[in-house]
Amino acid sequence: MDFNYLTTIIFLPVLGAILIAFIPGLSARLIKRIAAIFTLIPLALSVFLFCQFDRSLVVMQFQEKLSWIPAINAHYHLGVDGLSLPLVVLTAFLGFIVVLISWKINLRIREYFAWLLLLEASILGVFCSLDLLLFFIFWEIEVIPMYFLISVWGSGRKEYSAIKYVVYTLFGSAMMLAGILSLYFTTGSLSMIELAEGGLGMVQSIMPAAAIFFLLLTGFAVKLPVVPVHTWLPDAHTDAPTAGSVMLAGALIKMGGYGMIRVCVSIFPQVARDYAPLLVILAVISVLYGAALTLRQTDLKRLIAYSSVSHMGFVLLGVFALGQVSLTGAALQMVSHGLITGLLFAMAGLTIHNVGERDLSKLGGLARQIPIIAVVFSIAGLGGLGMPTTSGFAAEFITFIGSFSSTAFSGMQVCTILAVLGVVLAAGYILWMLQRTFYGPVLEQYNGIKDADGLERVYMSAFIVLIMLVGIYPAIITDIIKLGISPIVGLLGG
Amino acid sequence: MNLQLFIPELCLIACAIVVILLDLVIQRKGLLAIVSIAGLVVSAGFTIAMWGGNSQAIFNNMLAVDNFALFFKLLFLGIAALVILASTDYVSKFTRFQGEYYALILLSTLGMMLMAATTELISLYVALELTSISLYVLVGFLKDPKSSEASLKYLLLGAIASAVLLYGMALIFGFTGKTQLGEIAQVIQTMSLSGILDSPGLILGIVLLVAGFGFKIAAVPFQMWVPDVYEGAPTPVTAYLSVASKAAGFAIILRVFYSAFGLPQWLSLDWGLVFAVLAAIGMTVGNVTALPQTNIKRMLGYSSIAQAGYLMVGLAAVGLSPVTDAVGRSAVLFFLASYALTNLGAFTAIIAISNKVNSDLIEDYSGMGKRAPLLALGLTLCLISLIGMPPAAGFIAKFYIFSGAVQHGLLWLVIIAVLNSVISAYYYLRVVKVMWLGKPVSEEKVPSSGALRLALSVSCLGVLLLGIIPGFVMKLAEAAAKIFGF
């Protein structure tokens, strides 16, 4: 490969951040334009890679490999396969969109956009890394930008939420680090490809494979999040600025699901099989408990935040049903949830910004006053509850088919049926939310508030087009995801 | 004897004398700093020229000139240069004794260089005292009540530690009849297991050595002096103390325990385990007591206790398997280099800020992100490095040191250590939070001199460099640690 596409995609936002942070005397307009350009190019490149991706190969493509720290056999190794490429495109897309969403920011603009770009770069890095140390470094770098985004530009109890986010994440990654180290000394390798292909060839036995598996899983579970380590999520999502929430819900928590598939399942197929019942039950609990909590929320953003817990439960279900179809569904669910929840948060942010009220009991009848937002919000909501023709339907449908037909353990069918109840609950809370916000008697105090302006309509349309596209023709993504999933299923022996 | 091998040290002695004499005749005291740094650079040049050669001994096998010693000498010279650079503003406020200040720093650096090179108990003690006595004076340099109290405390506790150390050495000499580390090792290896068990004095001697050195590196339970001394001492001296003195302590521990008590295996297993327990206690005590601190120098004092704990994780790994261990010992060296850069960077920023606001209270750092964005950015980077988060050097250093521990079956210790890192994030980030989120107390900018900016940029660049491309320094550390092959 002549041109280092992935390096360019990851480090252009970093370059943009450095320019924004250190060139003196930039005007606000110029800062926003730089941010837009340095996120648009990675988006264009990632779409280009999506088209160029060779669909006849199941190996990592666009690889780059350099020796980095010889002493511990660590490499600067990047590459994408069918599993990570859609997530890279998703992240690049959201990275560009959040710059547009943030167009109206006017507090400490310079720092804001610098952190936003760094955040995007680190998430992209996680999805592209094929070396565990590199993966971990990108995983950790993301914490600091998010901390600042929440604590400076957030709302409500922002500082509390920000530090809670940091402590939870660091706890998870501390466990993950211990896991990576044990894995390294057990096998003598940090390369994800070698580890997945070679299995746990023992150089030295540190501890049982199951223990390493769970150390790593803890890190991913905190991020996904899985009940009972989910409590950072509602706080962080609720108090983050709109762009932060979109990035968090859209791209960042996908790192958890991605890590589970790429590291836990690929490297420890046997352990994953052994503990599938436990994890599937946790998934069902996440779905139902998350949905139950969502039902009693009265804050617009908090409600959407809790719905993520429930929806990410579907991902966990799909992953540990351990079948070709269920894993494909889980991966698709991550992409779909990124789009739908990204749009939901964008709309919620817009509503709150324009209306100046976030308490559901004080909202109502807004469909008359801000019809465009109401329509788009409703479409996103319908996607969230799994309406056919939206990506939500495709993803959840595939996940349920996969997990129902899975042979991972004998109780799969029961668990799937229980999880499907989550969709019913989702219909409940989302319709209730839409109804409380947009329908009912028109409230006078909201007369004359602004509807979406030109720029906002542009990104809304982009979201809707993608959600519909994936909903109507999911093969556009599943064809690629399959290429990434099939070698992993091969490892599972299924 | 080959005096050429002693040139770096001779340079420093000459430089210290020149500085004192110059102080008598010149009016522009700023020149003193330049002369001192020039001396350090020349000395470093000679040190680099010796790198890579075979190990040699001078002064009747009292001092070794090997890669291990050279690595540490370079480290100490670099630290001293950065500290002097960061001191210029601070020292120019003194009306008298500026020359003595620089000379004392040079002399204590000399002491540390000797500590890294010594292979014999008596010269070890002399080197240690040269370092300590210079530092006692430096700590009390401000002569205000706090500084004097700090100095007295440091002197008294330091003297006790020296006495303990000396007693330990006497016991070891008594039971082995040797003062040379290599010869002690030979005697111990010829002793039978029951022979050693029958002479508990030897074991007691080793324990007393641990206690004496533990004082130097601020290992719990020998850490009582740290917060008071760190708070009271002039800030550049605190910076110097927190990195150089600690590095020297670890250099000597590695040398003594490797050379003299590395074999037989069960003996090193014993002290390895002692260090493992001290590490676990040190990290936890340091981090937990750092949580409620309101003075940033005090907080960094407790943080340095915790950092010593992380370093001892590396020592424990060495102890558990001195023969096959490859990662642990070089990881300790790498960690020390990265910690030195990080802490120096942090203290440089603190010096610059306290020059203006005349306070070390964390609450007075409120809004520093507005008043001095570059200082705040530098300090933030260093604090992130202290937490051990990428892309700063602290992450790679911790990763490296923990790998050594995991390799030798110390996973329990590593889990304690990573959990401690999470605790530490809370208090380090509190400073970050105050700086970037707090309201500025005043709109006034915080100026910083060129020398301070240079010191800060060098440290920060070093922190980033070691964090992103650590390969080169790791190689140096490995070459340095190789001399302990069995």
# chains A, B, ... in the order shown; residues from 1 in each chain; ligands from 1
call {"tool": "interface_residues", "arguments": {"of": "chain B", "to": "chain A", "cutoff": "7 Å", "atoms": "only C-alpha atoms", "output": "PDB file with N, CA and C atoms, in the first residue's frame"}}
result
ATOM      1  N   MET B 389      -1.235   8.141  32.147  1.00  0.00           N
ATOM      2  CA  MET B 389      -2.108   8.023  30.981  1.00  0.00           C
ATOM      3  C   MET B 389      -1.331   8.378  29.735  1.00  0.00           C
ATOM      4  N   PRO B 390      -1.606   7.674  28.634  1.00  0.00           N
ATOM      5  CA  PRO B 390      -0.963   8.037  27.390  1.00  0.00           C
ATOM      6  C   PRO B 390      -1.519   9.373  26.904  1.00  0.00           C
ATOM      7  N   PRO B 391      -0.837  10.091  26.047  1.00  0.00           N
ATOM      8  CA  PRO B 391       0.407   9.737  25.381  1.00  0.00           C
ATOM      9  C   PRO B 391       1.659  10.140  26.167  1.00  0.00           C
ATOM     10  N   SER B 403       4.800  -4.766  33.394  1.00  0.00           N
ATOM     11  CA  SER B 403       5.033  -6.000  32.618  1.00  0.00           C
ATOM     12  C   SER B 403       6.045  -6.873  33.323  1.00  0.00           C
ATOM     13  N   VAL B 406       4.232  -8.642  36.141  1.00  0.00           N
ATOM     14  CA  VAL B 406       3.313  -9.698  35.712  1.00  0.00           C
ATOM     15  C   VAL B 406       4.106 -10.927  35.279  1.00  0.00           C
ATOM     16  N   GLN B 407       5.221 -10.645  34.600  1.00  0.00           N
ATOM     17  CA  GLN B 407       6.037 -11.751  34.122  1.00  0.00           C
ATOM     18  C   GLN B 407       6.482 -12.654  35.260  1.00  0.00           C
ATOM     19  N   GLY B 409       4.885 -13.235  38.032  1.00  0.00           N
ATOM     20  CA  GLY B 409       3.814 -13.751  38.859  1.00  0.00           C
ATOM     21  C   GLY B 409       3.326 -12.804  39.931  1.00  0.00           C
ATOM     22  N   VAL B 414       0.244  -5.942  40.707  1.00  0.00           N
ATOM     23  CA  VAL B 414      -0.075  -5.065  39.589  1.00  0.00           C
ATOM     24  C   VAL B 414      -1.515  -4.587  39.684  1.00  0.00           C
ATOM     25  N   ILE B 415      -2.401  -5.469  40.124  1.00  0.00           N
ATOM     26  CA  ILE B 415      -3.801  -5.038  40.240  1.00  0.00           C
ATOM     27  C   ILE B 415      -3.933  -3.964  41.316  1.00  0.00           C
ATOM     28  N   VAL B 418      -2.612  -0.763  39.621  1.00  0.00           N
ATOM     29  CA  VAL B 418      -3.473  -0.071  38.646  1.00  0.00           C
ATOM     30  C   VAL B 418      -4.676   0.550  39.352  1.00  0.00           C
ATOM     31  N   LEU B 419      -5.171  -0.114  40.393  1.00  0.00           N
ATOM     32  CA  LEU B 419      -6.280   0.503  41.125  1.00  0.00           C
ATOM     33  C   LEU B 419      -5.815   1.788  41.787  1.00  0.00           C
ATOM     34  N   VAL B 422      -5.942   4.642  39.547  1.00  0.00           N
ATOM     35  CA  VAL B 422      -7.274   5.220  39.412  1.00  0.00           C
ATOM     36  C   VAL B 422      -7.523   6.219  40.542  1.00  0.00           C
ATOM     37  N   LEU B 437     -11.109  25.012  34.852  1.00  0.00           N
ATOM     38  CA  LEU B 437     -12.532  25.284  35.039  1.00  0.00           C
ATOM     39  C   LEU B 437     -12.783  26.384  36.046  1.00  0.00           C
ATOM     40  N   PRO B 470       9.383   5.555  22.844  1.00  0.00           N
ATOM     41  CA  PRO B 470      10.261   5.251  23.984  1.00  0.00           C
ATOM     42  C   PRO B 470      11.428   4.336  23.631  1.00  0.00           C
ATOM     43  N   GLY B 471      11.441   3.836  22.394  1.00  0.00           N
ATOM     44  CA  GLY B 471      12.405   2.794  22.047  1.00  0.00           C
ATOM     45  C   GLY B 471      13.841   3.131  22.397  1.00  0.00           C
TER      46      GLY B 471
END
call {"tool": "select_by_dssp", "arguments": {"residues": "region 103-347 of chain A", "states": "helix (DSSP H, G or I)", "output": "ChimeraX atom specification"}}
result
/A:103-104,109-128,132-141,143-153,158-187,192-198,209-223,232-239,242-252,254-267,269-295,300-321,324-347
call {"tool": "residues_around", "arguments": {"residues": "Thr238 (chain A)", "least_positions_apart": "3", "cutoff": "12 Å", "atoms": "only C-alpha atoms", "output": "CSV table (one decimal) with C-alpha atoms, in the first residue's frame"}}
result
chain,number,residue,atom,x,y,z
A,150,ILE,CA,-18.3,17.5,29.7
A,151,SER,CA,-16.9,19.6,32.5
A,154,GLY,CA,-21.7,20.7,29.8
A,155,SER,CA,-24.7,21.5,31.9
A,156,GLY,CA,-26.2,20.5,35.2
A,157,ARG,CA,-23.9,18.7,37.5
A,158,LYS,CA,-21.2,18.7,34.9
A,160,TYR,CA,-19.5,15.6,39.0
A,161,SER,CA,-20.5,13.7,35.8
A,162,ALA,CA,-17.1,14.4,34.2
A,165,TYR,CA,-16.9,9.3,33.8
A,231,THR,CA,-24.2,4.3,36.1
A,232,TRP,CA,-21.7,6.7,34.6
A,233,LEU,CA,-23.6,6.8,31.3
A,234,PRO,CA,-26.8,8.6,32.2
A,235,ASP,CA,-24.8,11.3,34.1
A,241,PRO,CA,-22.8,19.3,25.5
A,242,THR,CA,-24.9,18.1,22.6
A,243,ALA,CA,-21.8,17.3,20.5
A,244,GLY,CA,-20.3,15.4,23.4
A,245,SER,CA,-23.5,13.3,23.8
A,246,VAL,CA,-23.6,12.5,20.1
A,248,LEU,CA,-20.4,9.4,23.4
A,249,ALA,CA,-23.6,7.7,22.4
A,297,GLN,CA,-37.2,9.5,33.3
A,298,THR,CA,-38.6,13.0,33.0
A,299,ASP,CA,-35.5,14.7,31.6
A,300,LEU,CA,-35.4,14.6,27.8
A,301,LYS,CA,-31.7,13.9,27.5
A,302,ARG,CA,-31.6,11.5,30.4
A,303,LEU,CA,-34.4,9.5,28.9
A,304,ILE,CA,-32.4,9.0,25.7
A,305,ALA,CA,-29.3,8.3,27.7
A,306,TYR,CA,-31.0,5.4,29.6
A,307,SER,CA,-32.4,4.1,26.4
A,308,SER,CA,-28.8,3.5,25.3
A,345,PHE,CA,-29.2,13.5,20.9
A,348,ALA,CA,-32.8,16.7,21.9
A,349,GLY,CA,-29.9,19.2,22.1
A,352,ILE,CA,-33.4,22.1,24.5
A,358,ARG,CA,-35.7,19.9,29.2
call {"tool": "residues_around", "arguments": {"residues": "Gln56 (chain B)", "least_positions_apart": "2", "cutoff": "10 Å", "atoms": "only C-alpha atoms", "output": "list in words"}}
result
Asn2, Leu5, Gly53, Asn54, Ile58, Asn61, Leu63, Ala64, Val65, Asp66 and Asn67 of chain B
call {"tool": "write_last_selection", "arguments": {"atoms": "C-alpha atoms", "output": "tab-separated table (two decimals), in the first residue's frame"}}
result
chain	number	residue	atom	x	y	z
B	2	ASN	CA	43.16	5.28	35.21
B	5	LEU	CA	37.57	7.46	34.03
B	53	GLY	CA	32.69	0.51	26.89
B	54	ASN	CA	33.51	-2.46	29.07
B	58	ILE	CA	38.84	2.54	39.73
B	61	ASN	CA	37.56	-1.45	43.07
B	63	LEU	CA	34.00	2.71	42.10
B	64	ALA	CA	32.77	1.05	38.94
B	65	VAL	CA	32.59	2.74	35.58
B	66	ASP	CA	29.97	0.76	33.76
B	67	ASN	CA	26.89	1.50	31.69
call {"tool": "residues_around", "arguments": {"residues": "Gly78 (chain B)", "least_positions_apart": "6", "cutoff": "9 Å", "atoms": "only C-alpha atoms", "output": "list in words"}}
result
Leu40, Val41 and Ala44 of chain B
call {"tool": "write_last_selection", "arguments": {"atoms": "N, CA and C atoms", "output": "PDB file, in the first residue's frame"}}
result
ATOM      1  N   LEU B  40      28.119  21.238  34.025  1.00  0.00           N
ATOM      2  CA  LEU B  40      27.313  20.019  33.901  1.00  0.00           C
ATOM      3  C   LEU B  40      27.377  19.472  32.480  1.00  0.00           C
ATOM      4  N   VAL B  41      27.315  20.387  31.513  1.00  0.00           N
ATOM      5  CA  VAL B  41      27.319  19.937  30.116  1.00  0.00           C
ATOM      6  C   VAL B  41      28.652  19.275  29.777  1.00  0.00           C
ATOM      7  N   ALA B  44      28.756  15.982  31.307  1.00  0.00           N
ATOM      8  CA  ALA B  44      27.889  15.050  30.576  1.00  0.00           C
ATOM      9  C   ALA B  44      28.560  14.600  29.293  1.00  0.00           C
TER      10      ALA B  44
END
call {"tool": "residues_around", "arguments": {"residues": "Leu425 (chain A)", "least_positions_apart": "3", "cutoff": "8 Å", "atoms": "only C-alpha atoms", "output": "PyMOL selection string"}}
result
chain A and resi 291-292+295+421-422+428-429
call {"tool": "residues_around", "arguments": {"residues": "Gly111 (chain B)", "least_positions_apart": "3", "cutoff": "9 Å", "atoms": "only C-alpha atoms", "output": "number ranges by chain"}}
result
B: 106-108, 114-116, 126-132, 134
call {"tool": "write_last_selection", "arguments": {"atoms": "N, CA and C atoms", "output": "compact mmCIF listing (two decimals), in the first residue's frame"}}
result
# COMPACT_ATOMS: atom_id res chain seq x y z
N LEU B 106 25.66 21.37 42.75
CA LEU B 106 26.68 20.62 42.01
C LEU B 106 27.29 19.53 42.89
N LEU B 107 27.55 19.87 44.13
CA LEU B 107 28.20 18.88 45.02
C LEU B 107 27.27 17.72 45.32
N SER B 108 26.00 18.01 45.53
CA SER B 108 25.12 16.87 45.81
C SER B 108 24.96 16.02 44.55
N LEU B 114 28.51 9.49 42.49
CA LEU B 114 29.32 8.48 43.18
C LEU B 114 28.45 7.35 43.71
N MET B 115 27.27 7.72 44.20
CA MET B 115 26.36 6.67 44.70
C MET B 115 26.06 5.65 43.61
N ALA B 116 25.85 6.15 42.39
CA ALA B 116 25.51 5.23 41.31
C ALA B 116 26.70 4.35 40.94
N VAL B 126 30.11 7.21 52.17
CA VAL B 126 30.66 8.55 51.97
C VAL B 126 29.87 9.30 50.89
N ALA B 127 29.58 8.60 49.80
CA ALA B 127 28.82 9.24 48.73
C ALA B 127 27.45 9.67 49.22
N LEU B 128 26.83 8.79 49.98
CA LEU B 128 25.50 9.09 50.50
C LEU B 128 25.52 10.32 51.39
N GLU B 129 26.55 10.42 52.24
CA GLU B 129 26.63 11.57 53.15
C GLU B 129 26.92 12.85 52.39
N LEU B 130 27.76 12.77 51.37
CA LEU B 130 28.03 13.96 50.57
C LEU B 130 26.74 14.50 49.98
N THR B 131 25.94 13.59 49.45
CA THR B 131 24.65 14.00 48.91
C THR B 131 23.77 14.59 49.99
N SER B 132 23.64 13.85 51.08
CA SER B 132 22.66 14.25 52.10
C SER B 132 23.01 15.58 52.72
N SER B 134 24.74 18.10 51.62
CA SER B 134 24.44 19.21 50.72
C SER B 134 22.95 19.49 50.72
call {"tool": "closest_residue", "arguments": {"among": "B:Asn343, B:Ser268, B:Thr294, B:Thr179", "to": "Ala239 (chain B)", "atoms": "only C-alpha atoms"}}
result
B:Asn343
call {"tool": "atom_distance", "arguments": {"atom1": "CA of Met368 (chain B)", "atom2": "CA of Pro440 (chain B)"}}
result
6.6 Å
call {"tool": "closest_residue", "arguments": {"among": "A:Ser56, A:Thr7, A:Ser406, A:Ser266", "to": "Ser129 (chain A)", "atoms": "only C-alpha atoms"}}
result
A:Thr7
call {"tool": "atom_distance", "arguments": {"atom1": "CA of Ile37 (chain A)", "atom2": "CA of Ile340 (chain A)"}}
result
24.4 Å
call {"tool": "closest_residue", "arguments": {"among": "A:Thr416, A:Gln435, A:Ser122, A:Gln324", "to": "Val489 (chain A)", "atoms": "only C-alpha atoms"}}
result
A:Gln324
call {"tool": "select_by_dssp", "arguments": {"residues": "region 44-104 of chain A", "states": "strand (DSSP E or B)", "output": "list in words"}}
result
Gln61, Phe62, Gln63, Glu64, Lys65, Leu66, Ser67, Trp68, Ile69, Ala74, His75, Tyr76, His77, Leu78, Gly79 and Val80 of chain A
call {"tool": "closest_residue", "arguments": {"among": "A:Ile372, A:Met468, A:Val265, A:Leu118", "to": "Glu456 (chain A)", "atoms": "only C-alpha atoms"}}
result
A:Ile372
call {"tool": "closest_residue", "arguments": {"among": "A:Ser361, A:Ser378, A:Asn106, A:Gln445", "to": "Leu431 (chain A)", "atoms": "only C-alpha atoms"}}
result
A:Ser378
call {"tool": "atom_distance", "arguments": {"atom1": "CA of Ala92 (chain A)", "atom2": "CA of Ile9 (chain A)"}}
result
8.4 Å
